[in-house]
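Contents: one structure, followed by commentary.
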Amino acid sequence: MGKGGNQGEGSTERQAPMPTFRWEEIQKHNLRTDRWLVIDRKVYNVTKWSQRHPGGHRVIGHYSGEDATDAFRAFHLDLDFVGKFLKPLMIGELAPEEPSLDRGKSSQITEDFRALKKTAEDMNLFKTNHLFFFLLLSHIIVMESLAWFILSYFGTGWIPTLVTAFVLATSQAQAGWLQHDYGHLSVYKKSIWNHIVHKFVIGHLKGASANWWNHRHFQHHAKPNIFHKDPDIKSLHVFVLGEWQPLEYGKKKLKYLPYNHQHEYFFLIGPPLLIPMYFQYQIIMTMISRRDWVDLAWAISYYMRFFYTYIPFYGILGALVFLNFIRFLESHWFVWVTQMNHLVMEIDLDHYRDWFSSQLAATCNVEQSFFNDWFSGHLNFQIEHHLFPTMPRHNLHKIAPLVKSLCAKHGIEYQEKPLLRALIDIVSSLKKSGELWLDAYLHK
């Protein structure tokens with residue numbers, strides 16, 4: 001460890017000078033087997049501890065060799081508590097002549113963003129309206145009950161079955177947005193209560209895994225739209241995204257699929273299949289392979305409840321088909337909403353921007369309305385959510401004007417568009433990337 005890791009064990013040790021490091025040295029420690037990072041000018045060796053990190057080792061790895069101050073503050077509620085885990089990992093600090101930020105990140109933007117966050121705290125924008133989240137949970141339970149009532153009263157004909165499927169798909173989508181709130185620790189002041197309710201909502205109401213979601217989603221927030229770091233843009237050679245990837249594929253003559261038609265086959269394999277095939281399989285296999293028995297038990301409780309409710313109406317095979325049809329409907333909803341804020345933005349290798357600039361480069365907003373807020377789980381305020389992931393979603397619109405002002409001050413584009421335009425832009429973005437691939441494939 002270094003002397004900085006054992007301060008407080010003796011007077012000689014306390015008086016020993018703290019080791020100092022230059023950014024040039026710190027940036028060398030960015031390997032899976034050798035990870036250093038910087039928080040508030042203190043240097044930490046997180047190599048071994050990262051394997052025990054509750055958010056997963058990858059999210060820490062994405063900041064190896066960098067300043068992680070704003071990411072650290074964004075993801076954790078109780079900084080004093082988390083700081084206790086950091087203290088024994090400290091090996092030194094930045095040399096006095098070194099800047100607080102690496103790679104030429106903007107100190108002025110960072111300073112202004114931190115002042116903005118302090119303003120948000122002073123405005124009580126991190127304070128939760130618990131009635132809001134109670135009503136969200138209540139309307140999900142009402143839809144679950146309504147689905148059973150429709151089949152009980154009207155029978156299992158085509159029309160009642162379709163209506164029930166849409167009601168349950170809506171319930172599932174809204175439960176997805178609600179688990180997102182608890183997963184981001186944005187409801188309760190104590191992390192433990194967020195974790196407990198998160199497991200209930202994502203496990204018992206949706207049949208998924210809290211740990212799978214945490215490890216995946218926090219990577220996305222840490223490095224949004226960054227290849228090799230954001231799992232949400234890992235397209236498994238099915239799509240080419242942004243500008244860099246299609247050009248690379250084209251130059252290397254890679255053609256796993258006809259990418260110049262990806263904006264067309266997106267409708268066949270994107271929205272319809274992501275949840276019922278890819279996510280459902282990945283979640284189950286992840287829980288089993290990681291021996292995550294708690295999350296698996298929660299997920300089993302969902303399937304037991306579902307089949308106990310619907311096997312009497314449809315039989316075993318019919319209930320299984322019914323479940324996957326609901327997943328099919330929900331998947332459309334999920335894909336269109338989650339991609340309208342990111343897929344149309346810059347997707348590239350890591351340029352090591354400051355926190356504020358990196359989030360603005362990868363996110364855009366959709367105009368506010370009661371429907372848009374409900375339909376997207378307030379992810380229409382994606383910019384504000386990415387800047388302040390622990391802020392309760394009902395307050396995101398309150399900080400938006402201040403974020404816009406900060407963007408204007410530094411000449412950073414703040415994108416906001418109507419819902420229909422945002423959805424159309426997904427297809428346009430895929431088409432543009434496909435055309436870039438074809439041109440590079442044929443001519444370079």
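Scheme for the structure tokens: letters A, B, ... for chains in order shown; per-chain residue numbers from 1; ligand numbers from 1 in order shown.
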
As a PDB file with N, CA, C and O atoms, in the first residue's frame, please: the residues near Tyr44 of chain A (cut-off 8 Å, only C-alpha atoms, same-chain neighbours under 6 positions excluded).
```
ATOM      1  N   TRP A  36      -5.573   2.142 -10.608  1.00  0.00           N
ATOM      2  CA  TRP A  36      -5.538   3.298  -9.737  1.00  0.00           C
ATOM      3  C   TRP A  36      -6.565   4.299 -10.231  1.00  0.00           C
ATOM      4  O   TRP A  36      -6.846   4.372 -11.430  1.00  0.00           O
ATOM      5  N   LEU A  37      -7.092   5.081  -9.318  1.00  0.00           N
ATOM      6  CA  LEU A  37      -7.940   6.206  -9.717  1.00  0.00           C
ATOM      7  C   LEU A  37      -7.799   7.331  -8.704  1.00  0.00           C
ATOM      8  O   LEU A  37      -7.227   7.149  -7.623  1.00  0.00           O
ATOM      9  N   VAL A  38      -8.296   8.500  -9.077  1.00  0.00           N
ATOM     10  CA  VAL A  38      -8.138   9.698  -8.269  1.00  0.00           C
ATOM     11  C   VAL A  38      -9.511  10.248  -7.884  1.00  0.00           C
ATOM     12  O   VAL A  38     -10.397  10.372  -8.736  1.00  0.00           O
ATOM     13  N   LEU A  86     -12.728   3.615   1.239  1.00  0.00           N
ATOM     14  CA  LEU A  86     -11.647   4.166   0.427  1.00  0.00           C
ATOM     15  C   LEU A  86     -10.373   4.399   1.230  1.00  0.00           C
ATOM     16  O   LEU A  86      -9.263   4.246   0.699  1.00  0.00           O
ATOM     17  N   LEU A  89      -7.412   2.211   1.042  1.00  0.00           N
ATOM     18  CA  LEU A  89      -6.946   2.009  -0.325  1.00  0.00           C
ATOM     19  C   LEU A  89      -6.086   3.164  -0.822  1.00  0.00           C
ATOM     20  O   LEU A  89      -5.500   3.084  -1.891  1.00  0.00           O
ATOM     21  N   MET A  90      -6.023   4.239  -0.022  1.00  0.00           N
ATOM     22  CA  MET A  90      -5.286   5.426  -0.454  1.00  0.00           C
ATOM     23  C   MET A  90      -3.786   5.164  -0.404  1.00  0.00           C
ATOM     24  O   MET A  90      -3.251   4.687   0.596  1.00  0.00           O
ATOM     25  N   ILE A  91      -3.102   5.490  -1.497  1.00  0.00           N
ATOM     26  CA  ILE A  91      -1.654   5.267  -1.585  1.00  0.00           C
ATOM     27  C   ILE A  91      -0.885   6.579  -1.733  1.00  0.00           C
ATOM     28  O   ILE A  91       0.354   6.569  -1.766  1.00  0.00           O
ATOM     29  N   GLY A  92      -1.589   7.697  -1.856  1.00  0.00           N
ATOM     30  CA  GLY A  92      -0.898   8.962  -2.013  1.00  0.00           C
ATOM     31  C   GLY A  92      -1.843  10.025  -2.520  1.00  0.00           C
ATOM     32  O   GLY A  92      -3.068   9.898  -2.402  1.00  0.00           O
TER      33      GLY A  92
END
```

Quiz item: Distance atom CA of Leu247 of chain A-atom CA of Val335 of chain A, one decimal place?
Solution: 24.8 Å

Exercise. Find the spatial neighbours of Ser100 of chain A, counting only C-alpha atoms, within a cut-off of 9 Å - ignore same-chain residues fewer than 5 positions away - and output them as a list in words.
Key: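 The contact residues come out as Val38, Asp40, Arg41, Asp67, Leu94 and Ser107 of chain A.
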
Kindly save the residues from that selection, with all heavy atoms included, as a short mmCIF file (atom, residue, chain, number, x, y, z; two decimals), in the first residue's frame.
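Final output, saved to result-v4.cif:
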```cif
data_model
loop_
_atom_site.label_atom_id
_atom_site.label_comp_id
_atom_site.auth_asym_id
_atom_site.auth_seq_id
_atom_site.Cartn_x
_atom_site.Cartn_y
_atom_site.Cartn_z
N VAL A 38 -8.30 8.50 -9.08
CA VAL A 38 -8.14 9.70 -8.27
C VAL A 38 -9.51 10.25 -7.88
O VAL A 38 -10.40 10.37 -8.74
CB VAL A 38 -7.34 10.78 -9.04
CG1 VAL A 38 -7.25 12.06 -8.22
CG2 VAL A 38 -5.95 10.27 -9.38
N ASP A 40 -10.87 13.54 -5.51
CA ASP A 40 -10.52 14.72 -4.72
C ASP A 40 -9.00 14.81 -4.49
O ASP A 40 -8.54 15.04 -3.36
CB ASP A 40 -11.25 14.73 -3.38
CG ASP A 40 -12.74 14.99 -3.55
OD1 ASP A 40 -13.10 15.83 -4.40
OD2 ASP A 40 -13.54 14.34 -2.85
N ARG A 41 -8.24 14.57 -5.54
CA ARG A 41 -6.78 14.66 -5.58
C ARG A 41 -6.10 13.56 -4.78
O ARG A 41 -4.87 13.49 -4.73
CB ARG A 41 -6.29 16.03 -5.10
CG ARG A 41 -6.71 17.20 -5.98
CD ARG A 41 -6.00 18.49 -5.59
NE ARG A 41 -4.56 18.39 -5.76
CZ ARG A 41 -3.91 18.64 -6.90
NH1 ARG A 41 -4.59 18.95 -8.00
NH2 ARG A 41 -2.58 18.55 -6.94
N ASP A 67 -9.34 10.82 -13.14
CA ASP A 67 -10.04 11.44 -12.03
C ASP A 67 -11.49 10.94 -12.04
O ASP A 67 -12.18 11.01 -13.05
CB ASP A 67 -10.04 12.96 -12.16
CG ASP A 67 -10.88 13.61 -11.08
OD1 ASP A 67 -10.43 13.63 -9.92
OD2 ASP A 67 -12.00 14.07 -11.39
N LEU A 94 -2.10 13.55 -5.58
CA LEU A 94 -1.51 14.21 -6.73
C LEU A 94 -0.39 15.14 -6.29
O LEU A 94 -0.49 15.80 -5.24
CB LEU A 94 -2.57 15.01 -7.50
CG LEU A 94 -3.57 14.22 -8.35
CD1 LEU A 94 -4.64 15.16 -8.89
CD2 LEU A 94 -2.88 13.51 -9.50
N SER A 107 -11.47 22.44 -16.25
CA SER A 107 -11.63 22.73 -14.82
C SER A 107 -12.75 23.73 -14.59
O SER A 107 -13.45 23.67 -13.56
CB SER A 107 -10.31 23.27 -14.25
OG SER A 107 -9.92 24.44 -14.93
#
```

Find the residues around Glu121 of chain A up to 10 Å (only C-alpha atoms counted), leave out those fewer than 6 positions away in its own chain, and share them as a PDB file with N, CA and C atoms, in the first residue's frame.
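Output file result-v1.pdb follows:
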```pdb
ATOM      1  N   ALA A 115     -20.813  23.600  -8.629  1.00  0.00           N
ATOM      2  CA  ALA A 115     -21.606  24.680  -8.035  1.00  0.00           C
ATOM      3  C   ALA A 115     -23.088  24.485  -8.323  1.00  0.00           C
ATOM      4  N   LYS A 127     -34.513  15.737  -2.443  1.00  0.00           N
ATOM      5  CA  LYS A 127     -35.493  15.288  -1.447  1.00  0.00           C
ATOM      6  C   LYS A 127     -36.667  14.620  -2.142  1.00  0.00           C
ATOM      7  N   MET A 391     -31.033  11.949  -8.156  1.00  0.00           N
ATOM      8  CA  MET A 391     -32.107  12.929  -7.963  1.00  0.00           C
ATOM      9  C   MET A 391     -33.454  12.281  -8.268  1.00  0.00           C
TER      10      MET A 391
END
```

Quiz item: Neighbours of Ser152 of chain A within 12 Å (only C-alpha atoms; same-chain residues fewer than 3 positions away dropped), as a PyMOL selection string?
Solution: chain A and resi 145-149+155-157+160-161+164+309-310+312-314

For the selection just defined, write its residues with N, CA and C atoms to a file, as a short mmCIF file (atom, residue, chain, number, x, y, z; two decimals), in the first residue's frame.
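Wrote it out as selection.cif, contents follow:
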```cif
data_model
loop_
_atom_site.label_atom_id
_atom_site.label_comp_id
_atom_site.auth_asym_id
_atom_site.auth_seq_id
_atom_site.Cartn_x
_atom_site.Cartn_y
_atom_site.Cartn_z
N SER A 145 -53.98 -6.21 -10.97
CA SER A 145 -55.29 -6.70 -10.50
C SER A 145 -56.33 -6.61 -11.61
N LEU A 146 -56.28 -5.52 -12.37
CA LEU A 146 -57.23 -5.33 -13.47
C LEU A 146 -57.08 -6.43 -14.52
N ALA A 147 -55.86 -6.85 -14.77
CA ALA A 147 -55.62 -7.91 -15.76
C ALA A 147 -56.33 -9.20 -15.36
N TRP A 148 -56.20 -9.57 -14.09
CA TRP A 148 -56.87 -10.78 -13.60
C TRP A 148 -58.39 -10.61 -13.68
N PHE A 149 -58.89 -9.43 -13.34
CA PHE A 149 -60.33 -9.18 -13.36
C PHE A 149 -60.90 -9.31 -14.76
N GLY A 155 -63.67 -13.67 -19.71
CA GLY A 155 -63.22 -14.91 -20.32
C GLY A 155 -61.91 -14.74 -21.08
N THR A 156 -61.51 -15.80 -21.80
CA THR A 156 -60.20 -15.84 -22.45
C THR A 156 -60.30 -15.75 -23.97
N GLY A 157 -61.31 -15.08 -24.46
CA GLY A 157 -61.39 -14.87 -25.91
C GLY A 157 -60.26 -13.98 -26.39
N PRO A 160 -60.46 -10.11 -24.88
CA PRO A 160 -60.00 -9.98 -23.49
C PRO A 160 -58.52 -10.33 -23.31
N THR A 161 -58.05 -11.33 -24.06
CA THR A 161 -56.64 -11.71 -23.95
C THR A 161 -55.71 -10.60 -24.43
N THR A 164 -55.84 -7.68 -21.95
CA THR A 164 -55.09 -8.05 -20.74
C THR A 164 -53.58 -7.99 -21.00
N THR A 309 -51.40 -17.52 -11.42
CA THR A 309 -52.53 -16.68 -11.81
C THR A 309 -53.10 -17.06 -13.16
N TYR A 310 -52.25 -17.40 -14.13
CA TYR A 310 -52.72 -17.52 -15.51
C TYR A 310 -52.78 -18.95 -16.06
N PRO A 312 -54.57 -21.35 -14.73
CA PRO A 312 -56.00 -21.71 -14.71
C PRO A 312 -56.77 -21.17 -15.91
N PHE A 313 -56.33 -20.11 -16.51
CA PHE A 313 -57.00 -19.54 -17.68
C PHE A 313 -56.53 -20.16 -18.99
N TYR A 314 -55.22 -20.43 -19.11
CA TYR A 314 -54.65 -20.82 -20.41
C TYR A 314 -53.94 -22.16 -20.42
#
```

Exercise. Please provide the set of residues having any atom within 8 Å of Val366 of chain A, restricted to only C-alpha atoms, with same-chain residues fewer than 5 positions apart removed, written as JSON, numbers by chain.
Key: {"A": [341, 372, 380, 381, 416, 417, 418, 419, 422]}

Practice problem: as a PyMOL selection string, please: all residues of segment 107-291 of chain A that backbone DSSP puts in alpha helix (DSSP H). | Solution: chain A and resi 107-122+130-154+158-183+191-199+210-222+244-251+262-269+280-289
